[in-house]
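Student: Next up is a structure, given as structure tokens.
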Amino acid sequence: VQLQASGGGLLQDGDSLRLSCVASGRTLTNWIIGWFRQVPGKEREFVAHITWNLGTPRYSDSVKGRFTISRDSAKNTVYLQMNNLKPEDTAIYYCAARSSAGAYNNWGQGTQVTVSS
């Protein structure tokens with residue numbers, strides 16, 4: 001599966017932004033699409049994922065209540081709606097895909113999100 005992430009930008013503290021991840025190359029039945037983020041010099045951090053079949057989300061504690069992950073099956077696209085952004089959300093955001101029993105080994109290119117105070 002190929003993944004194309006987009007939507008990053010330069011924001012102010014408290015702003016909102018929506019990232020998109022378009023998947024192609026295979027059907028996503030029984031797959032999970034996740035969003036991760038990474039700050040240079042730090043490990044990549046899990047942000048959220050969604051199961052393709054049922055649309056069940058899961059969030060990291062750091063974004064719960066502020067971020068919402070969703071999917072549009074017709075467009076093969078997963079969205080990450082980010083509200084009340086904070087400077088600590090500044091990172092490169094990546095989308096990734098895995099089968100329900102597999103590891104994340106399909107990654108898109110990153111999209112930069114920068115939040116200034």
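Please note that chains go A, B, ... in the order of the structure tokens, that every chain numbers its residues from 1, and that ligands are numbered from 1 in the order shown.
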For A:Phe46, work out the shell of residues within 7 Å, counting only C-alpha atoms and skipping chain neighbours fewer than 4 positions away, then give it as a ChimeraX atom specification.

Tutor: /A:35-37,60

Student: Going by DSSP on the backbone, which bits of chain A are helix (DSSP H, G or I)? Write them as a PyMOL selection string, please.

Tutor: chain A and resi 73-75+87-89

Student: Taking only C-alpha atoms into account, name the residue in A:His49, A:Arg58, A:Arg66, A:Arg18 that is nearest to A:Leu85.

Tutor: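 Using only C-alpha atoms, the shortest distance to A:Leu85 belongs to A:Arg66.
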
Student: Write out as a VMD selection string each polymer residue whose atoms come within 10 Å of A:Tyr94, counting only C-alpha atoms; drop sequence neighbours fewer than 2 positions from it.

Tutor: chain A and resid 3 to 6 19 21 34 to 38 44 to 47 91 to 92 96 107 to 112

Student: Got a sec to tell me which of stretch 29-91 of chain A DSSP assigns to strand (DSSP E), as a PyMOL selection string?

Tutor: chain A and resi 31-38+45-51+57-59+67-72+77-82+91

Student: Residues near A:Thr77, anyone? I mean within 7 Å using only C-alpha atoms, not counting same-chain ones fewer than 2 positions away, as a PyMOL selection string.

Tutor: chain A and resi 20-23+71-73+75+79

Student: Near A:Thr68, within 10 Å and counting only C-alpha atoms, which residues show up once chain neighbours fewer than 4 positions away are dropped, as a PyMOL selection string?

Tutor: chain A and resi 18+48-50+57-59+63-64+79-83

Student: May I have the selected residues written with N, CA and C atoms, as an mmCIF file, in the first residue's frame?

Tutor:
data_model
loop_
_atom_site.group_PDB
_atom_site.id
_atom_site.type_symbol
_atom_site.label_atom_id
_atom_site.label_comp_id
_atom_site.auth_asym_id
_atom_site.auth_seq_id
_atom_site.Cartn_x
_atom_site.Cartn_y
_atom_site.Cartn_z
ATOM 1 N N ARG A 18 -6.301 20.033 9.746
ATOM 2 C CA ARG A 18 -6.655 18.667 9.377
ATOM 3 C C ARG A 18 -5.620 18.094 8.431
ATOM 4 N N ALA A 48 -2.373 8.284 16.849
ATOM 5 C CA ALA A 48 -3.725 7.721 16.779
ATOM 6 C C ALA A 48 -3.758 6.671 15.686
ATOM 7 N N HIS A 49 -4.729 5.774 15.787
ATOM 8 C CA HIS A 49 -4.981 4.858 14.674
ATOM 9 C C HIS A 49 -6.461 4.611 14.539
ATOM 10 N N ILE A 50 -6.830 4.060 13.405
ATOM 11 C CA ILE A 50 -8.217 3.729 13.146
ATOM 12 C C ILE A 50 -8.279 2.415 12.395
ATOM 13 N N PRO A 57 -11.381 4.061 16.653
ATOM 14 C CA PRO A 57 -10.171 4.858 16.882
ATOM 15 C C PRO A 57 -9.456 4.503 18.177
ATOM 16 N N ARG A 58 -8.216 4.876 18.216
ATOM 17 C CA ARG A 58 -7.422 4.806 19.439
ATOM 18 C C ARG A 58 -6.492 6.001 19.431
ATOM 19 N N TYR A 59 -6.276 6.606 20.608
ATOM 20 C CA TYR A 59 -5.471 7.820 20.710
ATOM 21 C C TYR A 59 -4.407 7.692 21.791
ATOM 22 N N VAL A 63 -2.937 13.403 23.009
ATOM 23 C CA VAL A 63 -3.814 14.074 22.043
ATOM 24 C C VAL A 63 -5.284 13.772 22.279
ATOM 25 N N LYS A 64 -5.566 12.869 23.190
ATOM 26 C CA LYS A 64 -6.961 12.486 23.442
ATOM 27 C C LYS A 64 -7.777 13.706 23.830
ATOM 28 N N TYR A 79 -8.220 10.874 7.917
ATOM 29 C CA TYR A 79 -8.004 12.254 8.334
ATOM 30 C C TYR A 79 -7.584 12.298 9.799
ATOM 31 N N LEU A 80 -6.823 13.302 10.126
ATOM 32 C CA LEU A 80 -6.504 13.596 11.519
ATOM 33 C C LEU A 80 -6.859 15.055 11.761
ATOM 34 N N GLN A 81 -7.991 15.256 12.420
ATOM 35 C CA GLN A 81 -8.426 16.596 12.779
ATOM 36 C C GLN A 81 -7.757 16.967 14.092
ATOM 37 N N MET A 82 -7.005 18.046 14.077
ATOM 38 C CA MET A 82 -6.247 18.459 15.255
ATOM 39 C C MET A 82 -6.769 19.805 15.716
ATOM 40 N N ASN A 83 -7.342 19.825 16.908
ATOM 41 C CA ASN A 83 -7.884 21.052 17.485
ATOM 42 C C ASN A 83 -7.047 21.468 18.691
#

Student: So what do you get for atom CA of A:Val39 versus atom CA of A:Gln12, distance-wise?

Tutor: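 Straight-line distance from atom CA of A:Val39 to atom CA of A:Gln12 works out to 17.8 Å.
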
Student: Measuring between only C-alpha atoms, which one of A:Phe67, A:Trp52, A:Tyr93, A:Tyr104 shows the shortest distance to A:Gly9?

Tutor: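 Counting only C-alpha atoms, the residue closest to A:Gly9 is A:Tyr93.
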
Student: Using only C-alpha atoms, which residue out of A:Ala103, A:Ala97, A:Asn84, A:Ile69 lies closest to A:Asp15?

Tutor: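 Residue with the minimum atom-to-atom distance to A:Asp15: A:Asn84.
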
Student: Between atom CA of A:Val1 and atom CA of A:Thr90, what is the spacing in Å?

Tutor: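 According to the coordinates, atom CA of A:Thr90 and atom CA of A:Val1 are separated by 26.9 Å.
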